[in-house]
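Next up, entry.cif (mmCIF, C-alpha atoms):
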```
data_upload
#
loop_
_atom_site.group_PDB
_atom_site.id
_atom_site.type_symbol
_atom_site.label_atom_id
_atom_site.label_comp_id
_atom_site.auth_asym_id
_atom_site.auth_seq_id
_atom_site.Cartn_x
_atom_site.Cartn_y
_atom_site.Cartn_z
ATOM 1 C CA MET T 1118 0.000 0.000 0.000
ATOM 2 C CA SER T 1119 1.532 3.293 -1.003
ATOM 3 C CA GLN T 1120 1.109 6.183 1.354
ATOM 4 C CA ILE T 1121 2.601 9.446 2.409
ATOM 5 C CA VAL T 1122 4.804 9.041 5.452
ATOM 6 C CA LYS T 1123 4.926 12.114 7.622
ATOM 7 C CA LYS T 1124 7.218 12.989 10.469
ATOM 8 C CA PHE T 1125 5.194 13.182 13.656
ATOM 9 C CA MET T 1126 6.765 14.707 16.712
ATOM 10 C CA TYR T 1127 5.232 14.470 20.162
ATOM 11 C CA LEU T 1128 6.462 17.333 22.314
ATOM 12 C CA ASN T 1129 6.204 16.518 26.034
ATOM 13 C CA ARG T 1130 6.633 19.302 28.575
ATOM 14 C CA LYS T 1131 4.715 18.137 31.663
ATOM 15 C CA ALA T 1132 5.674 16.041 34.663
ATOM 16 C CA PRO T 1133 3.791 12.741 35.111
ATOM 17 C CA TYR T 1134 0.946 12.170 37.657
ATOM 18 C CA GLY T 1135 0.369 15.807 38.696
ATOM 19 C CA THR T 1136 -1.618 16.405 35.515
ATOM 20 C CA ILE T 1137 -3.041 14.096 32.834
ATOM 21 C CA TYR T 1138 -0.888 15.426 29.951
ATOM 22 C CA ALA T 1139 1.874 12.805 30.150
ATOM 23 C CA TRP T 1140 -0.553 9.897 30.153
ATOM 24 C CA GLU T 1141 -2.662 11.423 27.357
ATOM 25 C CA SER T 1142 0.429 11.908 25.218
ATOM 26 C CA LEU T 1143 1.485 8.305 25.693
ATOM 27 C CA GLU T 1144 -1.995 7.107 24.727
ATOM 28 C CA VAL T 1145 -1.986 9.175 21.548
ATOM 29 C CA VAL T 1146 1.492 7.878 20.656
ATOM 30 C CA LEU T 1147 0.328 4.271 21.052
ATOM 31 C CA ILE T 1148 -2.830 4.887 19.014
ATOM 32 C CA GLY T 1149 -0.865 6.795 16.379
ATOM 33 C CA ALA T 1150 1.514 3.852 15.989
ATOM 34 C CA ALA T 1151 -1.221 2.140 13.964
ATOM 35 C CA PHE T 1152 -0.790 4.704 11.184
ATOM 36 C CA ASP T 1153 2.793 3.828 10.202
ATOM 37 C CA GLN T 1154 4.197 7.326 10.365
ATOM 38 C CA GLU T 1155 7.719 8.294 11.330
ATOM 39 C CA VAL T 1156 7.331 9.069 15.004
ATOM 40 C CA SER T 1157 9.648 10.845 17.407
ATOM 41 C CA LEU T 1158 9.175 11.947 20.994
ATOM 42 C CA MET T 1159 10.766 15.065 22.416
ATOM 43 C CA PHE T 1160 11.012 15.616 26.172
ATOM 44 C CA VAL T 1161 11.739 19.145 27.382
ATOM 45 C CA ASP T 1162 11.115 21.155 30.575
ATOM 46 C CA ASP T 1163 9.245 19.090 33.198
ATOM 47 C CA GLY T 1164 8.557 16.500 30.482
ATOM 48 C CA VAL T 1165 11.968 14.975 31.250
ATOM 49 C CA TYR T 1166 10.501 13.757 34.559
ATOM 50 C CA GLN T 1167 8.311 11.326 32.610
ATOM 51 C CA LEU T 1168 11.370 9.189 31.882
ATOM 52 C CA THR T 1169 12.842 8.865 35.388
ATOM 53 C CA LYS T 1170 13.765 5.357 36.514
ATOM 54 C CA GLY T 1171 12.233 3.597 39.488
ATOM 55 C CA GLN T 1172 8.768 5.168 39.536
ATOM 56 C CA ASP T 1173 6.547 3.428 42.087
ATOM 57 C CA THR T 1174 2.991 4.732 42.355
ATOM 58 C CA ASN T 1175 1.698 2.214 44.914
ATOM 59 C CA GLY T 1176 1.603 4.941 47.544
ATOM 60 C CA ILE T 1177 -0.511 7.394 45.546
ATOM 61 C CA GLY T 1178 -3.168 5.061 44.135
ATOM 62 C CA MET T 1179 -2.487 5.910 40.489
ATOM 63 C CA LYS T 1180 -1.513 3.703 37.580
ATOM 64 C CA ASN T 1181 2.245 3.579 37.033
ATOM 65 C CA PHE T 1182 2.539 4.131 33.281
ATOM 66 C CA SER T 1183 6.315 4.442 33.381
ATOM 67 C CA PRO T 1184 6.955 0.843 32.161
ATOM 68 C CA THR T 1185 4.985 1.654 29.002
ATOM 69 C CA TYR T 1186 7.757 3.988 27.794
ATOM 70 C CA ARG T 1187 10.064 0.984 27.565
ATOM 71 C CA THR T 1188 7.715 -0.621 25.023
ATOM 72 C CA LEU T 1189 7.743 2.368 22.653
ATOM 73 C CA GLY T 1190 10.401 0.719 20.523
ATOM 74 C CA ASP T 1191 7.820 -1.928 19.648
ATOM 75 C CA TYR T 1192 5.408 0.764 18.439
ATOM 76 C CA GLU T 1193 7.545 2.091 15.588
ATOM 77 C CA VAL T 1194 8.934 4.895 17.707
ATOM 78 C CA LYS T 1195 12.545 5.118 16.631
ATOM 79 C CA ASN T 1196 13.693 8.375 18.104
ATOM 80 C CA ILE T 1197 13.327 9.685 21.615
ATOM 81 C CA TYR T 1198 15.015 12.962 22.413
ATOM 82 C CA VAL T 1199 15.675 14.623 25.750
ATOM 83 C CA ASP T 1200 16.768 18.240 26.093
ATOM 84 C CA ARG T 1201 20.077 18.419 27.950
ATOM 85 C CA ASP T 1202 19.401 21.828 29.559
ATOM 86 C CA SER T 1203 16.087 20.616 30.962
ATOM 87 C CA LEU T 1204 17.855 17.690 32.631
ATOM 88 C CA ALA T 1205 20.654 19.870 33.989
ATOM 89 C CA SER T 1206 18.407 22.470 35.589
ATOM 90 C CA ARG T 1207 16.608 19.625 37.385
ATOM 91 C CA GLY T 1208 19.796 18.016 38.706
ATOM 92 C CA LEU T 1209 19.291 14.985 36.467
ATOM 93 C CA THR T 1210 21.614 13.052 34.164
ATOM 94 C CA GLU T 1211 21.087 10.389 31.548
ATOM 95 C CA GLU T 1212 21.710 7.849 34.343
ATOM 96 C CA ASP T 1213 18.419 8.860 35.972
ATOM 97 C CA LEU T 1214 16.405 7.976 32.861
ATOM 98 C CA VAL T 1215 14.990 4.677 31.616
ATOM 99 C CA ALA T 1216 16.620 3.047 28.607
ATOM 100 C CA ILE T 1217 14.333 2.193 25.687
ATOM 101 C CA ALA T 1218 15.425 -0.523 23.280
ATOM 102 C CA TRP T 1219 14.427 -0.804 19.634
ATOM 103 C CA GLU T 1220 14.607 -3.649 17.153
ATOM 104 C CA ASP T 1221 13.757 -3.845 13.465
ATOM 105 C CA TRP T 1222 11.754 -7.058 13.143
ATOM 106 C CA GLU T 1223 12.728 -7.559 9.522
ATOM 107 C CA THR T 1224 16.445 -6.839 9.600
ATOM 108 C CA GLU T 1225 16.936 -7.722 13.291
ATOM 109 C CA GLU T 1226 18.866 -4.484 13.624
ATOM 110 C CA GLU T 1227 18.995 -3.598 17.293
ATOM 111 C CA VAL T 1228 19.501 -0.368 19.155
ATOM 112 C CA GLU T 1229 20.070 -0.795 22.893
ATOM 113 C CA ASN T 1230 18.778 2.627 23.836
ATOM 114 C CA ILE T 1231 16.932 5.037 21.566
ATOM 115 C CA VAL T 1232 16.865 7.784 24.189
ATOM 116 C CA GLN T 1233 19.200 10.557 23.039
ATOM 117 C CA VAL T 1234 20.158 13.530 25.152
ATOM 118 C CA ILE T 1235 20.582 16.478 22.788
ATOM 119 C CA ASP T 1236 21.307 20.195 22.981
ATOM 120 C CA SER T 1237 18.692 22.871 22.386
ATOM 121 C CA ALA T 1238 19.946 23.786 18.918
ATOM 122 C CA ARG T 1239 19.516 20.192 17.762
ATOM 123 C CA ALA T 1240 16.056 20.093 19.341
ATOM 124 C CA SER T 1241 15.047 23.216 17.401
ATOM 125 C CA GLU T 1242 16.329 21.653 14.214
ATOM 126 C CA LEU T 1243 14.294 18.479 14.811
ATOM 127 C CA MET T 1244 11.169 20.530 15.524
ATOM 128 C CA ASP T 1245 11.740 22.311 12.212
ATOM 129 C CA GLU T 1246 12.090 19.031 10.363
ATOM 130 C CA ALA T 1247 8.858 17.572 11.737
ATOM 131 C CA ASP T 1248 5.749 17.778 9.543
ATOM 132 C CA VAL T 1249 3.456 17.823 12.550
ATOM 133 C CA VAL T 1250 4.154 18.609 16.202
ATOM 134 C CA PHE T 1251 1.679 17.381 18.807
ATOM 135 C CA SER T 1252 2.047 19.304 22.060
ATOM 136 C CA PHE T 1253 1.414 17.944 25.503
ATOM 137 C CA MET Y 1213 -0.077 28.739 66.002
ATOM 138 C CA SER Y 1214 1.532 29.152 62.615
ATOM 139 C CA ILE Y 1215 0.421 28.369 59.078
ATOM 140 C CA LEU Y 1216 0.983 25.165 57.120
ATOM 141 C CA HIS Y 1217 1.588 26.158 53.503
ATOM 142 C CA THR Y 1218 1.109 23.478 50.854
ATOM 143 C CA VAL Y 1219 2.641 23.514 47.376
ATOM 144 C CA ASN Y 1220 1.577 20.956 44.783
ATOM 145 C CA LYS Y 1221 3.026 22.459 41.597
ATOM 146 C CA SER Y 1222 6.462 22.009 40.027
ATOM 147 C CA PRO Y 1223 8.767 24.946 40.810
ATOM 148 C CA PHE Y 1224 9.886 24.876 37.166
ATOM 149 C CA GLU Y 1225 6.429 25.355 35.734
ATOM 150 C CA ARG Y 1226 4.662 27.652 38.181
ATOM 151 C CA SER Y 1227 5.656 30.360 40.605
ATOM 152 C CA SER Y 1228 3.732 28.656 43.456
ATOM 153 C CA LEU Y 1229 6.824 27.662 45.435
ATOM 154 C CA ASP Y 1230 8.515 31.034 44.988
ATOM 155 C CA SER Y 1231 5.394 32.886 46.087
ATOM 156 C CA CYS Y 1232 4.891 30.554 49.006
ATOM 157 C CA LEU Y 1233 8.467 31.077 50.217
ATOM 158 C CA LYS Y 1234 8.158 34.812 49.670
ATOM 159 C CA PHE Y 1235 5.068 35.144 51.856
ATOM 160 C CA ALA Y 1236 5.645 32.406 54.440
ATOM 161 C CA ARG Y 1237 6.646 33.980 57.736
ATOM 162 C CA SER Y 1238 9.367 32.791 60.030
ATOM 163 C CA GLY Y 1239 8.219 29.733 61.973
ATOM 164 C CA ALA Y 1240 5.714 28.621 59.341
ATOM 165 C CA SER Y 1241 5.762 25.174 57.744
ATOM 166 C CA VAL Y 1242 5.727 24.235 54.066
ATOM 167 C CA LEU Y 1243 4.604 20.857 52.759
ATOM 168 C CA LEU Y 1244 5.585 19.869 49.215
ATOM 169 C CA PHE Y 1245 3.373 17.245 47.561
ATOM 170 C CA GLU Y 1246 2.263 16.036 44.101
ATOM 171 C CA ASP Y 1247 4.430 17.888 41.509
ATOM 172 C CA GLY Y 1248 5.597 20.151 44.320
ATOM 173 C CA VAL Y 1249 8.005 17.417 45.454
ATOM 174 C CA TYR Y 1250 10.423 18.334 42.659
ATOM 175 C CA GLY Y 1251 11.271 21.407 44.726
ATOM 176 C CA ALA Y 1252 12.660 19.170 47.481
ATOM 177 C CA LEU Y 1253 15.346 17.574 45.299
ATOM 178 C CA THR Y 1254 19.059 18.288 45.284
ATOM 179 C CA GLY Y 1255 20.913 19.629 42.270
ATOM 180 C CA THR Y 1256 18.020 21.585 40.791
ATOM 181 C CA ALA Y 1257 17.805 25.226 39.779
ATOM 182 C CA ALA Y 1258 15.432 25.735 42.736
ATOM 183 C CA GLU Y 1259 17.714 24.219 45.385
ATOM 184 C CA GLY Y 1260 19.370 27.488 46.433
ATOM 185 C CA ARG Y 1261 16.029 29.176 47.135
ATOM 186 C CA VAL Y 1262 14.781 26.203 49.102
ATOM 187 C CA ARG Y 1263 17.955 25.944 51.197
ATOM 188 C CA GLU Y 1264 17.719 29.625 51.985
ATOM 189 C CA ALA Y 1265 14.110 29.207 53.126
ATOM 190 C CA LEU Y 1266 15.101 26.377 55.469
ATOM 191 C CA ALA Y 1267 16.716 28.986 57.716
ATOM 192 C CA THR Y 1268 13.300 30.386 58.628
ATOM 193 C CA VAL Y 1269 10.645 27.773 57.798
ATOM 194 C CA LYS Y 1270 10.279 24.038 58.253
ATOM 195 C CA ILE Y 1271 9.888 22.145 55.000
ATOM 196 C CA TYR Y 1272 8.279 18.738 54.578
ATOM 197 C CA VAL Y 1273 7.813 16.523 51.530
ATOM 198 C CA LEU Y 1274 5.309 13.726 50.972
ATOM 199 C CA GLY Y 1275 7.210 10.443 50.530
ATOM 200 C CA ALA Y 1276 4.595 8.688 48.388
ATOM 201 C CA ASP Y 1277 4.724 11.446 45.769
ATOM 202 C CA LEU Y 1278 8.523 11.313 45.677
ATOM 203 C CA LYS Y 1279 8.476 7.553 45.236
ATOM 204 C CA ALA Y 1280 5.833 7.724 42.497
ATOM 205 C CA ARG Y 1281 8.149 10.041 40.552
ATOM 206 C CA GLY Y 1282 11.186 7.780 40.952
ATOM 207 C CA PHE Y 1283 13.030 9.605 43.731
ATOM 208 C CA GLY Y 1284 14.166 8.298 47.115
ATOM 209 C CA GLU Y 1285 14.974 10.140 50.321
ATOM 210 C CA GLU Y 1286 18.663 10.230 49.330
ATOM 211 C CA ARG Y 1287 17.792 12.838 46.674
ATOM 212 C CA VAL Y 1288 16.053 15.159 49.144
ATOM 213 C CA ILE Y 1289 17.758 18.370 50.315
ATOM 214 C CA GLN Y 1290 19.166 18.004 53.824
ATOM 215 C CA GLY Y 1291 16.904 19.636 56.394
ATOM 216 C CA ILE Y 1292 13.662 18.717 54.617
ATOM 217 C CA SER Y 1293 11.640 16.018 56.421
ATOM 218 C CA VAL Y 1294 9.920 13.241 54.502
ATOM 219 C CA VAL Y 1295 6.395 12.537 55.805
ATOM 220 C CA ASP Y 1296 3.673 10.015 54.974
ATOM 221 C CA TYR Y 1297 -0.070 10.707 54.613
ATOM 222 C CA SER Y 1298 -0.720 10.492 58.342
ATOM 223 C CA GLY Y 1299 2.164 12.907 58.858
ATOM 224 C CA PHE Y 1300 0.371 15.258 56.439
ATOM 225 C CA VAL Y 1301 -2.784 14.997 58.559
ATOM 226 C CA ASP Y 1302 -0.804 15.622 61.759
ATOM 227 C CA LEU Y 1303 0.759 18.742 60.239
ATOM 228 C CA ALA Y 1304 -2.648 20.022 59.173
ATOM 229 C CA ALA Y 1305 -4.002 19.429 62.679
ATOM 230 C CA GLU Y 1306 -1.000 21.019 64.415
ATOM 231 C CA HIS Y 1307 -1.190 24.297 62.533
ATOM 232 C CA ALA Y 1308 -3.729 27.101 62.919
ATOM 233 C CA LYS Y 1309 -4.671 26.825 59.251
ATOM 234 C CA VAL Y 1310 -3.650 25.385 55.934
ATOM 235 C CA GLN Y 1311 -2.858 27.746 53.082
ATOM 236 C CA ALA Y 1312 -2.644 26.137 49.641
ATOM 237 C CA TRP Y 1313 -0.445 27.523 46.841
ATOM 238 C CA LEU Y 1314 -1.986 26.028 43.713
#
```
Just give me the structure of the file as structure tokens.
Amino acid sequence: MSQIVKKFMYLNRKAPYGTIYAWESLEVVLIGAAFDQEVSLMFVDDGVYQLTKGQDTNGIGMKNFSPTYRTLGDYEVKNIYVDRDSLASRGLTEEDLVAIAWEDWETEEEVENIVQVIDSARASELMDEADVVFSF
Amino acid sequence: MSILHTVNKSPFERSSLDSCLKFARSGASVLLFEDGVYGALTGTAAEGRVREALATVKIYVLGADLKARGFGEERVIQGISVVDYSGFVDLAAEHAKVQAWL
């Protein structure tokens, strides 16, 4: 089936749990995966908190959707970007974030971690290159 | 009796914490919960302001909200006390009133 493939970028700027944005974004990403577009996720500002390791929501009575990020590689999401400045101003490093693996089912090409910490200039460039930016 | 101030917003997204610390008087208490817990962490752009405030106010953070967001007590600024939900209730009961910074 021939089709136009567009570059979809999901721009995430909110912390998880305090508001519904992070969860809504993840749901839209998973639904959107059915449409075979080129999908990337960008985490800036408080959005970087969505990817922290070791989230345990037992104490607050909410669903822990953190493990779902690790499955994104299986939903055709090939690129996950994190803004370096946003991490730094929150006292975080790449070590604090979950790793998300990706594998091409046809070629068996594997990428151990598709989470890339990038500088702001590169983030701007990627936003420019996207056909559509969905903001959360 | 003094005021218990509560802050449930991220210090990087709203001015709630800054305003709270600006208006809280000496001897008051501040409880950080929900997205407010990010203000209790070390190494952030807000740490200096929070440390400064510790000289005049007591600061508490809700452990369950820290844990939900992937942070343990070892990441909390020294001088801030981690409390559980019943500790939250005790604080509310011990103070003359609760003032929320949304």
Please expand the PyMOL selection byres ((chain T and resi 1231) around 7) into the concrete residues it hits in this file, giving the result as a list in words.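 Listing what the PyMOL selection byres ((chain T and resi 1231) around 7) selects in the shown file: Lys1195, Asn1196, Ile1197, Ile1217, Ala1218, Trp1219, Val1228, Glu1229, Asn1230, Val1232 and Gln1233 of chain T.
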Ranking Y:Gly1251, Y:Gly1275, Y:Gly1282, Y:Pro1223 by minimum distance to chain T and counting only C-alpha atoms, which one comes first? Y:Gly1282
Selected residue, from T:Val1156, T:Leu1189, T:Leu1204, T:Leu1214, that lies nearest to Lys1124 of chain T when counting all atoms listed in the file: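 Distance minimum relative to Lys1124 of chain T lands on T:Val1156.
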Residues of chain T within 12 Å of chain Y: nearest atom pair and distance (Å, one decimal) for each, counting all atoms listed in the file, sorted by chain and number, as a tab-separated table?
```
residue	atom	partner	partner_atom	distance
T:Arg1130	CA	Y:Glu1225	CA	9.4
T:Lys1131	CA	Y:Glu1225	CA	8.5
T:Ala1132	CA	Y:Asp1247	CA	7.2
T:Pro1133	CA	Y:Arg1281	CA	7.5
T:Tyr1134	CA	Y:Glu1246	CA	7.6
T:Gly1135	CA	Y:Asp1247	CA	5.4
T:Thr1136	CA	Y:Asp1247	CA	8.6
T:Val1161	CA	Y:Phe1224	CA	11.5
T:Asp1162	CA	Y:Phe1224	CA	7.7
T:Asp1163	CA	Y:Phe1224	CA	7.0
T:Gly1164	CA	Y:Glu1225	CA	10.5
T:Val1165	CA	Y:Arg1281	CA	11.2
T:Tyr1166	CA	Y:Arg1281	CA	7.4
T:Gln1167	CA	Y:Arg1281	CA	8.0
T:Leu1168	CA	Y:Gly1282	CA	9.2
T:Thr1169	CA	Y:Gly1282	CA	5.9
T:Lys1170	CA	Y:Gly1282	CA	5.7
T:Gly1171	CA	Y:Gly1282	CA	4.6
T:Gln1172	CA	Y:Gly1282	CA	3.8
T:Asp1173	CA	Y:Ala1280	CA	4.4
T:Thr1174	CA	Y:Ala1280	CA	4.1
T:Asn1175	CA	Y:Ala1280	CA	7.3
T:Gly1176	CA	Y:Ala1276	CA	4.9
T:Ile1177	CA	Y:Ala1276	CA	6.0
T:Gly1178	CA	Y:Ala1280	CA	9.5
T:Met1179	CA	Y:Ala1280	CA	8.7
T:Lys1180	CA	Y:Ala1280	CA	9.7
T:Asn1181	CA	Y:Ala1280	CA	7.7
T:Phe1182	CA	Y:Ala1280	CA	10.4
T:Ser1183	CA	Y:Arg1281	CA	9.3
T:Pro1184	CA	Y:Gly1282	CA	12.0
T:Asp1202	CA	Y:Ala1257	CA	10.9
T:Ser1203	CA	Y:Phe1224	CA	9.8
T:Leu1204	CA	Y:Thr1256	CA	9.0
T:Ala1205	CA	Y:Thr1256	CA	7.5
T:Ser1206	CA	Y:Ala1257	CA	5.1
T:Arg1207	CA	Y:Thr1256	CA	4.2
T:Gly1208	CA	Y:Gly1255	CA	4.1
T:Leu1209	CA	Y:Gly1255	CA	7.6
T:Thr1210	CA	Y:Gly1255	CA	10.5
T:Asp1213	CA	Y:Gly1282	CA	8.8
T:Leu1214	CA	Y:Gly1282	CA	9.6
T:Val1215	CA	Y:Gly1282	CA	10.5
```
Compare Y:Val1242, Y:Leu1266, Y:Leu1274, Y:Ala1312 by their minimum atom-to-atom distance to Phe1300 of chain Y, counting all atoms listed in the file, and give me the closest one. Y:Leu1274
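You will find atom CA of His1217 of chain Y at 6.1 Å from atom CA of Leu1243 of chain Y.
Rounded to one decimal, atom CA of Ala1304 of chain Y and atom CA of Ile1137 of chain T lie 27.0 Å from each other.
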To one decimal place in Å, what is the distance between atom CA of Tyr1127 of chain T and atom CA of Ser1252 of chain T?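 Atom CA of Tyr1127 of chain T sits 6.1 Å away from atom CA of Ser1252 of chain T.
Within 9 Å of Glu1306 of chain Y, once all atoms listed in the file are used and residues closer than 5 positions along the same chain are dropped, the contacting residues are Met1213, Ser1214, Leu1216 and Val1301 of chain Y.
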Based on the selection just made, write C-alpha atoms of those residues as a PDB file, in the coordinates of the input.
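Written file, again_37.pdb:
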```
ATOM      1  CA  MET Y1213      -0.077  28.739  66.002  1.00  0.00           C
ATOM      2  CA  SER Y1214       1.532  29.152  62.615  1.00  0.00           C
ATOM      3  CA  LEU Y1216       0.983  25.165  57.120  1.00  0.00           C
ATOM      4  CA  VAL Y1301      -2.784  14.997  58.559  1.00  0.00           C
TER       5      VAL Y1301
END
```
Residue contacts of Asp1245 of chain T (12 Å, all atoms listed in the file) excluding same-chain residues fewer than 6 positions away, as an MDAnalysis selection string: chainID T and resid 1124:1126 1238:1239
For the structure shown, which residues end up in the PyMOL selection byres ((chain Y and resi 1232-1240) around 7)? Put them as a PyMOL selection string, please? chain Y and resi 1214-1216+1228-1231+1241-1242+1265+1268-1270+1313
Please evaluate the PyMOL selection byres ((chain T and resi 1192) around 9) against the structure above and give the resulting residues as an MDAnalysis selection string. chainID T and resid 1146:1147 1149:1151 1188:1191 1193:1195
Let me have the centre and edge lengths in Å, one decimal, of the box along x, y and z around every listed atom of segment 1157-1161 of chain T with 5 Å of margin on each side, as JSON.
```
{"center_x": 10.5, "center_y": 15.0, "center_z": 22.4, "size_x": 12.6, "size_y": 18.3, "size_z": 20.0}
```
Neighbourhood query: residues within 8 Å of (13.7, 17.0, 22.9), file coordinates, counting only C-alpha atoms; return as a PyMOL selection string. chain T and resi 1128+1158-1161+1197-1200+1234-1235+1237+1240
Could those selected residues go to a file with C-alpha atoms, as a PDB file, keeping the file's coordinate frame?
```pdb
ATOM      1  CA  LEU T1128       6.462  17.333  22.314  1.00  0.00           C
ATOM      2  CA  LEU T1158       9.175  11.947  20.994  1.00  0.00           C
ATOM      3  CA  MET T1159      10.766  15.065  22.416  1.00  0.00           C
ATOM      4  CA  PHE T1160      11.012  15.616  26.172  1.00  0.00           C
ATOM      5  CA  VAL T1161      11.739  19.145  27.382  1.00  0.00           C
ATOM      6  CA  ILE T1197      13.327   9.685  21.615  1.00  0.00           C
ATOM      7  CA  TYR T1198      15.015  12.962  22.413  1.00  0.00           C
ATOM      8  CA  VAL T1199      15.675  14.623  25.750  1.00  0.00           C
ATOM      9  CA  ASP T1200      16.768  18.240  26.093  1.00  0.00           C
ATOM     10  CA  VAL T1234      20.158  13.530  25.152  1.00  0.00           C
ATOM     11  CA  ILE T1235      20.582  16.478  22.788  1.00  0.00           C
ATOM     12  CA  SER T1237      18.692  22.871  22.386  1.00  0.00           C
ATOM     13  CA  ALA T1240      16.056  20.093  19.341  1.00  0.00           C
TER      14      ALA T1240
END
```
Please return segment 1259-1274 of chain Y, rebuilt to N, CA and C atoms, as a PDB file, in the coordinates of the input.
```
ATOM      1  N   GLU Y1259      17.129  24.646  44.108  1.00  0.00           N
ATOM      2  CA  GLU Y1259      17.714  24.219  45.385  1.00  0.00           C
ATOM      3  C   GLU Y1259      18.185  25.381  46.270  1.00  0.00           C
ATOM      4  N   GLY Y1260      18.841  26.365  45.672  1.00  0.00           N
ATOM      5  CA  GLY Y1260      19.370  27.488  46.433  1.00  0.00           C
ATOM      6  C   GLY Y1260      18.274  28.220  47.199  1.00  0.00           C
ATOM      7  N   ARG Y1261      17.152  28.461  46.520  1.00  0.00           N
ATOM      8  CA  ARG Y1261      16.029  29.176  47.135  1.00  0.00           C
ATOM      9  C   ARG Y1261      15.432  28.366  48.276  1.00  0.00           C
ATOM     10  N   VAL Y1262      15.364  27.070  48.080  1.00  0.00           N
ATOM     11  CA  VAL Y1262      14.781  26.203  49.102  1.00  0.00           C
ATOM     12  C   VAL Y1262      15.697  26.132  50.329  1.00  0.00           C
ATOM     13  N   ARG Y1263      16.994  25.990  50.085  1.00  0.00           N
ATOM     14  CA  ARG Y1263      17.955  25.944  51.197  1.00  0.00           C
ATOM     15  C   ARG Y1263      17.907  27.228  52.021  1.00  0.00           C
ATOM     16  N   GLU Y1264      17.802  28.333  51.322  1.00  0.00           N
ATOM     17  CA  GLU Y1264      17.719  29.625  51.985  1.00  0.00           C
ATOM     18  C   GLU Y1264      16.473  29.680  52.886  1.00  0.00           C
ATOM     19  N   ALA Y1265      15.374  29.180  52.381  1.00  0.00           N
ATOM     20  CA  ALA Y1265      14.110  29.207  53.126  1.00  0.00           C
ATOM     21  C   ALA Y1265      14.176  28.349  54.379  1.00  0.00           C
ATOM     22  N   LEU Y1266      14.997  27.287  54.317  1.00  0.00           N
ATOM     23  CA  LEU Y1266      15.101  26.377  55.469  1.00  0.00           C
ATOM     24  C   LEU Y1266      15.611  27.067  56.731  1.00  0.00           C
ATOM     25  N   ALA Y1267      16.216  28.239  56.558  1.00  0.00           N
ATOM     26  CA  ALA Y1267      16.716  28.986  57.716  1.00  0.00           C
ATOM     27  C   ALA Y1267      15.553  29.545  58.541  1.00  0.00           C
ATOM     28  N   THR Y1268      14.411  29.760  57.897  1.00  0.00           N
ATOM     29  CA  THR Y1268      13.300  30.386  58.628  1.00  0.00           C
ATOM     30  C   THR Y1268      12.027  29.546  58.696  1.00  0.00           C
ATOM     31  N   VAL Y1269      11.856  28.610  57.765  1.00  0.00           N
ATOM     32  CA  VAL Y1269      10.645  27.773  57.798  1.00  0.00           C
ATOM     33  C   VAL Y1269      11.010  26.293  57.807  1.00  0.00           C
ATOM     34  N   LYS Y1270      10.078  25.488  58.320  1.00  0.00           N
ATOM     35  CA  LYS Y1270      10.279  24.038  58.253  1.00  0.00           C
ATOM     36  C   LYS Y1270       9.696  23.553  56.930  1.00  0.00           C
ATOM     37  N   ILE Y1271      10.398  22.651  56.273  1.00  0.00           N
ATOM     38  CA  ILE Y1271       9.888  22.145  55.000  1.00  0.00           C
ATOM     39  C   ILE Y1271       9.732  20.627  55.073  1.00  0.00           C
ATOM     40  N   TYR Y1272       8.593  20.163  54.586  1.00  0.00           N
ATOM     41  CA  TYR Y1272       8.279  18.738  54.578  1.00  0.00           C
ATOM     42  C   TYR Y1272       7.958  18.316  53.143  1.00  0.00           C
ATOM     43  N   VAL Y1273       8.156  17.031  52.865  1.00  0.00           N
ATOM     44  CA  VAL Y1273       7.813  16.523  51.530  1.00  0.00           C
ATOM     45  C   VAL Y1273       7.102  15.181  51.692  1.00  0.00           C
ATOM     46  N   LEU Y1274       6.100  14.952  50.867  1.00  0.00           N
ATOM     47  CA  LEU Y1274       5.309  13.726  50.972  1.00  0.00           C
ATOM     48  C   LEU Y1274       6.035  12.566  50.267  1.00  0.00           C
TER      49      LEU Y1274
END
```
